[in-house]
$ cat coords.cif   # mmCIF, C-alpha atoms
data_protein
loop_
_atom_site.label_atom_id
_atom_site.label_comp_id
_atom_site.auth_asym_id
_atom_site.auth_seq_id
_atom_site.Cartn_x
_atom_site.Cartn_y
_atom_site.Cartn_z
CA MET F 1 92.65 108.92 102.08
CA ASP F 2 91.16 107.08 99.10
CA VAL F 3 93.20 104.51 97.21
CA ALA F 4 95.24 106.07 94.41
CA ASP F 5 94.30 104.46 91.10
CA LYS F 6 96.53 106.39 88.73
CA PRO F 7 99.94 104.74 88.21
CA SER F 8 103.07 106.78 88.72
CA SER F 9 106.29 106.58 86.73
CA GLY F 10 108.39 107.74 89.72
CA TYR F 11 109.72 104.28 90.51
CA ALA F 12 110.95 103.91 86.92
CA LEU F 13 113.66 106.49 87.69
CA GLY F 14 115.43 103.82 89.70
CA PRO F 15 116.90 103.64 93.24
CA PRO F 16 117.39 105.12 95.66
CA TRP F 17 113.70 105.96 95.99
CA SER F 18 112.98 109.10 98.02
CA PHE F 19 110.09 109.72 100.43
CA LYS F 20 109.10 112.76 102.52
CA GLY F 21 106.47 112.90 105.23
CA ARG F 22 106.01 111.89 108.86
CA ALA F 23 105.70 108.61 110.73
CA LEU F 24 105.12 106.81 114.01
CA TYR F 25 107.51 103.95 114.81
CA GLN F 26 106.12 101.87 117.67
CA LEU F 27 108.01 98.95 119.20
CA HIS F 28 106.16 96.03 120.82
CA LEU F 29 107.07 92.92 122.74
CA VAL F 30 105.79 90.16 120.45
CA ARG F 31 105.51 86.55 121.46
CA ALA F 32 108.05 84.41 119.66
CA GLU F 33 105.38 81.84 118.85
CA THR F 34 103.37 84.58 117.11
CA ALA F 35 106.32 85.94 115.11
CA ARG F 36 108.09 82.71 114.14
CA PRO F 37 105.65 81.56 111.39
CA PHE F 38 106.44 84.75 109.45
CA ILE F 39 110.20 84.14 109.51
CA PRO F 40 111.95 82.07 106.79
CA LYS F 41 113.46 78.88 108.18
CA GLU F 42 116.90 80.05 106.96
CA PHE F 43 116.88 82.86 109.56
CA LYS F 44 116.94 82.72 113.34
CA LEU F 45 114.41 84.75 115.30
CA VAL F 46 116.08 86.99 117.91
CA GLN F 47 114.21 86.40 121.17
CA PHE F 48 114.56 86.83 124.91
CA PHE F 49 112.43 84.93 127.41
CA GLY F 50 109.96 83.98 124.69
CA TYR F 51 109.57 87.47 123.15
CA THR F 52 111.01 89.32 120.17
CA LEU F 53 110.97 93.01 119.25
CA GLY F 54 108.28 93.85 116.70
CA GLY F 55 105.59 96.48 116.31
CA PHE F 56 104.63 98.75 113.44
CA PHE F 57 105.69 101.69 111.27
CA LEU F 58 102.80 104.00 110.35
CA ALA F 59 103.67 106.67 107.79
CA HIS F 60 102.06 109.36 105.67
CA TYR F 61 104.16 110.39 102.68
CA ASP F 62 103.52 113.80 101.13
CA GLU F 63 106.10 113.11 98.42
CA SER F 64 107.19 109.77 96.97
CA PRO F 65 107.66 108.05 93.59
CA ALA F 66 103.98 107.03 93.90
CA GLY F 67 102.80 110.48 94.99
CA MET F 68 100.99 110.98 98.29
CA PHE F 69 100.04 107.81 100.15
CA ASP F 70 99.80 106.13 103.57
CA GLU F 71 101.62 103.02 104.76
CA LEU F 72 101.36 100.61 107.69
CA VAL F 73 104.20 98.10 108.10
CA VAL F 74 103.49 95.34 110.63
CA ILE F 75 106.86 94.21 111.99
CA ALA F 76 106.87 90.59 113.16
CA GLY F 77 110.25 90.73 114.89
CA ILE F 78 114.02 90.83 114.58
CA VAL F 79 115.84 88.08 112.70
CA TRP F 80 119.51 87.09 112.76
CA ASN F 81 121.63 86.12 109.79
CA PRO F 82 125.30 86.50 110.86
CA PRO F 83 126.72 89.06 111.03
CA THR F 84 123.50 91.11 110.73
CA SER F 85 120.18 91.37 112.55
CA CYS F 86 117.28 93.06 110.75
CA ALA F 87 113.54 93.59 111.06
CA TRP F 88 111.10 91.34 109.20
CA ALA F 89 107.75 92.69 107.93
CA ALA F 90 104.74 90.44 108.44
CA ARG F 91 102.36 92.60 106.41
CA VAL F 92 102.48 95.92 104.56
CA LEU F 93 99.35 97.97 103.84
CA VAL F 94 99.36 100.93 101.41
CA ASN F 95 96.61 102.95 99.76
CA SER F 96 98.43 103.13 96.43
CA HIS F 97 98.32 100.43 93.76
CA ASP F 98 101.64 101.67 92.39
CA ALA F 99 103.37 101.52 95.78
CA CYS F 100 101.87 98.08 96.43
CA SER F 101 103.12 96.67 93.13
CA HIS F 102 106.60 98.14 93.64
CA GLY F 103 106.83 96.76 97.17
CA GLN F 104 105.82 93.28 96.02
CA LYS F 105 107.99 92.98 92.92
CA GLU F 106 111.08 95.08 93.68
CA ILE F 107 111.44 94.96 97.48
CA GLY F 108 109.92 91.53 98.14
CA LEU F 109 107.40 92.85 100.66
CA PRO F 110 104.04 91.25 101.55
CA SER F 111 102.30 94.41 100.36
CA ARG F 112 98.53 94.75 100.05
CA VAL F 113 96.22 97.53 98.99
CA ALA F 114 94.20 99.02 101.84
CA MET F 115 91.98 101.94 102.72
CA PHE F 116 93.06 104.37 105.45
CA SER F 117 90.08 106.16 107.03
CA LYS F 118 91.05 109.04 109.28
CA ARG F 119 89.01 111.08 111.72
CA ALA F 120 89.67 113.41 114.61
CA ARG F 121 87.71 113.07 117.83
CA MET F 122 87.81 114.30 121.38
CA MET F 123 88.49 111.67 124.03
CA THR F 124 88.24 111.93 127.81
CA GLU F 125 91.43 111.09 129.65
CA THR F 126 92.19 111.04 133.35
CA ALA F 127 95.39 112.40 134.85
CA LYS F 128 96.51 112.55 138.48
CA ASN F 129 96.91 116.00 140.00
CA LYS F 130 100.66 116.54 140.14
CA HIS F 131 100.28 118.59 143.35
CA ASN F 132 98.80 115.61 145.22
CA GLY F 133 102.00 113.56 145.37
CA PHE F 134 101.58 112.71 149.07
CA LEU F 135 98.01 111.44 148.57
CA ASP F 136 99.13 109.50 145.50
CA ILE F 137 101.37 107.36 147.72
CA PHE F 138 98.20 105.97 149.28
CA GLY F 139 96.25 105.90 146.02
CA LEU F 140 94.03 108.78 147.12
CA ALA F 141 95.02 111.44 144.58
CA ALA F 142 92.10 112.72 142.53
CA ALA F 143 91.94 111.77 138.87
CA LEU F 144 91.23 114.81 136.74
CA PRO F 145 89.20 114.18 133.58
CA THR F 146 90.38 116.16 130.56
CA LEU F 147 89.35 116.33 126.92
CA ARG F 148 92.09 115.68 124.39
CA GLU F 149 92.00 115.54 120.61
CA HIS F 150 92.95 112.18 119.12
CA CYS F 151 93.50 111.05 115.57
CA GLU F 152 91.97 107.67 114.76
CA ILE F 153 93.15 105.77 111.68
CA ARG F 154 91.17 102.72 110.56
CA VAL F 155 93.05 100.42 108.18
CA SER F 156 91.00 98.03 106.04
CA GLU F 157 92.34 95.61 103.45
CA ILE F 158 90.83 95.55 99.99
CA ASN F 159 90.34 92.02 98.66
CA ASP F 160 88.68 91.99 95.24
CA SER F 161 85.47 93.88 95.94
CA SER F 162 85.39 93.32 99.72
CA LEU F 163 86.74 95.52 102.50
CA THR F 164 88.03 93.89 105.71
CA GLN F 165 89.08 95.95 108.71
CA LEU F 166 92.52 94.99 110.01
CA CYS F 167 92.92 97.45 112.87
CA SER F 168 92.20 100.89 114.26
CA ILE F 169 95.05 103.05 115.60
CA SER F 170 94.30 105.95 117.93
CA MET F 171 96.89 108.50 118.99
CA PRO F 172 97.04 112.06 120.31
CA ALA F 173 96.81 114.63 117.51
CA VAL F 174 100.11 114.74 115.59
CA VAL F 175 102.35 117.76 115.20
CA PRO F 176 101.61 119.65 111.95
CA LYS F 177 104.14 119.71 109.12
CA SER F 178 105.47 123.11 110.13
CA LYS F 179 106.78 123.52 113.65
CA PRO F 180 104.13 125.21 115.84
CA SER F 181 105.18 127.80 118.36
CA GLY F 182 106.34 126.30 121.65
CA VAL F 183 106.36 122.67 120.48
CA TRP F 184 109.72 120.90 120.35
CA MET F 185 109.84 118.18 117.71
CA GLY F 186 113.07 116.64 118.96
CA PRO F 187 116.65 116.63 117.65
CA VAL F 188 117.61 115.98 114.05
CA ILE F 189 118.91 112.46 113.64
CA ARG F 190 120.26 110.36 110.79
CA MET F 191 120.02 106.60 110.91
CA SER F 192 119.79 103.47 108.81
CA LEU F 193 116.98 100.95 109.26
CA PRO F 194 117.99 97.64 107.64
CA SER F 195 115.39 94.98 106.86
CA PHE F 196 115.18 91.52 105.36
CA SER F 197 112.41 90.64 102.91
CA GLY F 198 111.50 88.27 100.11
CA GLN F 199 110.31 84.68 99.75
CA THR F 200 106.94 85.91 98.50
CA LEU F 201 104.78 84.98 95.57
CA HIS F 202 106.11 87.95 93.58
CA ASN F 203 109.76 87.72 94.67
CA PRO F 204 111.09 84.30 95.77
CA HIS F 205 114.61 85.52 96.69
CA LEU F 206 115.74 86.40 100.20
CA LEU F 207 116.63 90.10 100.17
CA LYS F 208 118.13 92.83 102.32
CA TYR F 209 117.47 96.54 101.91
CA SER F 210 118.07 99.68 103.96
CA CYS F 211 116.10 102.85 104.62
CA GLN F 212 118.35 105.87 105.13
CA ILE F 213 116.42 108.27 107.36
CA GLN F 214 116.81 111.90 108.39
CA CYS F 215 114.14 113.40 110.62
CA ARG F 216 113.31 115.07 113.89
CA VAL F 217 112.49 112.37 116.44
CA ARG F 218 110.88 112.44 119.84
CA ALA F 219 109.38 109.88 122.19
CA VAL F 220 105.59 110.11 122.42
CA GLU F 221 102.72 108.36 124.12
CA ALA F 222 102.10 104.92 122.61
CA ALA F 223 99.21 104.69 120.19
CA LYS F 224 96.27 102.50 121.17
CA VAL F 225 95.58 99.70 118.70
CA SER F 226 92.35 97.74 118.43
CA GLY F 227 91.49 94.94 116.04
CA PRO F 228 88.24 93.66 114.57
CA PRO F 229 85.50 92.47 116.97
CA LYS F 230 86.65 89.60 119.14
CA ARG F 231 84.62 86.73 120.49
CA GLY F 232 85.48 84.82 123.63
CA ALA F 233 89.00 86.23 123.80
CA ASN F 234 90.96 86.69 126.99
CA GLU F 235 91.65 90.42 127.20
CA ASP F 236 94.94 89.75 129.01
CA SER F 237 96.30 87.66 126.15
CA ASP F 238 98.40 88.85 123.24
CA ASP F 239 96.67 86.28 121.01
CA VAL F 240 93.19 87.03 119.71
CA ASN F 241 90.18 85.15 118.50
CA ILE F 242 88.99 87.11 115.50
CA ASN F 243 85.47 86.95 114.17
CA THR F 244 86.18 85.64 110.70
CA ASP F 245 82.59 85.28 109.48
CA ASN F 246 83.26 87.82 106.74
CA LEU F 247 86.46 85.99 105.71
CA SER F 248 84.87 82.66 104.77
CA MET F 249 86.13 82.94 101.19
CA LYS F 250 89.78 83.19 102.24
CA LYS F 251 92.04 80.19 102.49
CA HIS F 252 92.85 78.85 105.94
CA GLU F 253 96.54 79.73 105.59
CA GLU F 254 95.78 83.32 104.70
CA ASP F 255 93.30 83.55 107.60
CA GLU F 256 96.04 82.45 109.99
CA THR F 257 98.54 84.99 108.59
CA TRP F 258 95.91 87.72 108.90
CA ARG F 259 95.13 86.63 112.48
CA ARG F 260 98.80 86.61 113.51
CA SER F 261 99.34 90.07 112.01
CA ILE F 262 96.62 91.41 114.28
CA SER F 263 98.21 89.65 117.26
CA VAL F 264 101.47 91.51 116.52
CA LEU F 265 99.59 94.83 116.44
CA LEU F 266 97.80 94.07 119.72
CA SER F 267 100.96 93.03 121.58
CA LYS F 268 102.43 95.13 124.39
CA PRO F 269 103.95 98.50 123.31
CA ILE F 270 107.21 99.52 124.97
CA LEU F 271 108.32 102.60 122.98
CA ALA F 272 106.78 105.01 120.49
CA LEU F 273 108.84 107.41 118.38
CA GLU F 274 107.39 110.19 116.27
CA PHE F 275 109.33 111.05 113.10
CA ASN F 276 108.67 114.59 111.85
CA LEU F 277 110.08 116.30 108.76
CA LEU F 278 110.95 112.80 107.58
CA LYS F 279 113.25 112.34 104.61
CA MET F 280 113.83 108.70 103.68
CA GLN F 281 115.76 107.02 100.90
CA VAL F 282 115.14 103.34 100.17
CA GLU F 283 118.07 101.61 98.54
CA ALA F 284 117.79 98.80 96.00
CA PRO F 285 117.65 95.41 97.73
CA THR F 286 120.44 92.86 97.40
CA VAL F 287 120.13 89.08 97.42
CA VAL F 288 121.05 87.49 100.75
CA VAL F 289 122.83 84.18 101.11
CA PRO F 290 121.72 82.64 104.44
CA SER F 291 124.63 81.82 106.74
CA SER F 292 123.44 78.22 106.85
CA ARG F 293 124.21 77.88 103.11
CA LYS F 294 127.56 79.68 102.98
CA ASN F 295 129.52 76.56 103.80
CA GLU F 296 127.68 74.35 101.34
#

$ encode --input "coords.cif" --output "structure tokens"
Amino acid sequence: MDVADKPSSGYALGPPWSFKGRALYQLHLVRAETARPFIPKEFKLVQFFGYTLGGFFLAHYDESPAGMFDELVVIAGIVWNPPTSCAWAARVLVNSHDACSHGQKEIGLPSRVAMFSKRARMMTETAKNKHNGFLDIFGLAAALPTLREHCEIRVSEINDSSLTQLCSISMPAVVPKSKPSGVWMGPVIRMSLPSFSGQTLHNPHLLKYSCQIQCRVRAVEAAKVSGPPKRGANEDSDDVNINTDNLSMKKHEEDETWRRSISVLLSKPILALEFNLLKMQVEAPTVVVPSSRKNE
């Protein structure tokens, strides 16, 4: 989808802001050393054995205050500010100038304008014959190649007049908007996803906001994420060495933030949830007083 240039007055109506569409929420095990630089020093990173829970939220909104647009939220990890733990976004990519500006100024998000290029392609997958369970014990079951349609989404940041690919996300073809015959989209659930934000160039305050969600949810196969071309990187490592030849004009600090965002995306997935018939309301953020300052 091309970047929307026309501004929308939908956000001017005030909170809560309503969105309708579909999304993929994928949770990853992210190294604490990768996530920590994104987290304000006032908050504590929730971690176990050197890892925190991050990942990404990839959404397509058919209806929103900014009209139709796509969004990729890179989630660095979970942070703790007693008595609440919330997600922290490392980077937010949207193909709407209006949505980007609103996210930066009102929600305190590290939002950036990006291009989402989508294509469908057939990919060969191998699956073990379920009738060869005995042979599978000895690793002798035949692998059956099958063709399966995948949707590939390439996300590229727009910086001035340049376009820099951040990642490519490939997943089995999604369920259409209307429920197809014989396909179960999961139970209807209602939940609240709280997040911390702020301390950005456009909004220096520490904030907390919540997304009230109603949708049909089901567990799906994890999407495969790939980053820009790597050079000399260990394929078994969560950290990556990115070819930054085309980023020579960026500051070193921004290069490192960009690099760490890709490391979050390339970390190990543990759960993928597909949200269909998504209805989401984003409430106005409130200013957070870190627990470390409450006794001052």

$ residues_around --input "coords.cif" --residues "Glu157 of chain F" --least-positions-apart "6" --cutoff "7 Å" --atoms "only C-alpha atoms" --output "list of chain:residue names"
F:Val113, F:Ala114, F:Met115, F:Leu163, F:Thr164, F:Gln165, F:Leu166

$ resolve_selection --input "coords.cif" --expression "the PyMOL selection byres ((chain F and resi 210) around 7)" --output "list in words"
Ser192, Leu193, Pro194, Ser195, Tyr209, Cys211, Gln212, Val282 and Glu283 of chain F

$ closest_residue --input "coords.cif" --among "F:Lys279, F:Arg91, F:Arg112, F:Lys20" --to "Gly77 of chain F" --atoms "all atoms listed in the file"
F:Arg91

$ closest_residue --input "coords.cif" --among "F:Ile213, F:Ala223, F:Leu109, F:Ala66" --to "Arg22 of chain F" --atoms "only C-alpha atoms"
F:Ile213

$ atom_distance --input "coords.cif" --atom1 "atom CA of Pro285 of chain F" --atom2 "atom CA of Glu106 of chain F"
7.7 Å

$ residues_near_point --input "coords.cif" --point "(104.1, 99.0, 96.8)" --cutoff "12 Å" --atoms "only C-alpha atoms" --output "PyMOL selection string"
chain F and resi 4+7-8+11+17+64-67+69-73+91-114+202

$ closest_residue --input "coords.cif" --among "F:Val217, F:Val30, F:Ala87, F:Ala76" --to "Tyr51 of chain F" --atoms "all atoms listed in the file"
F:Val30
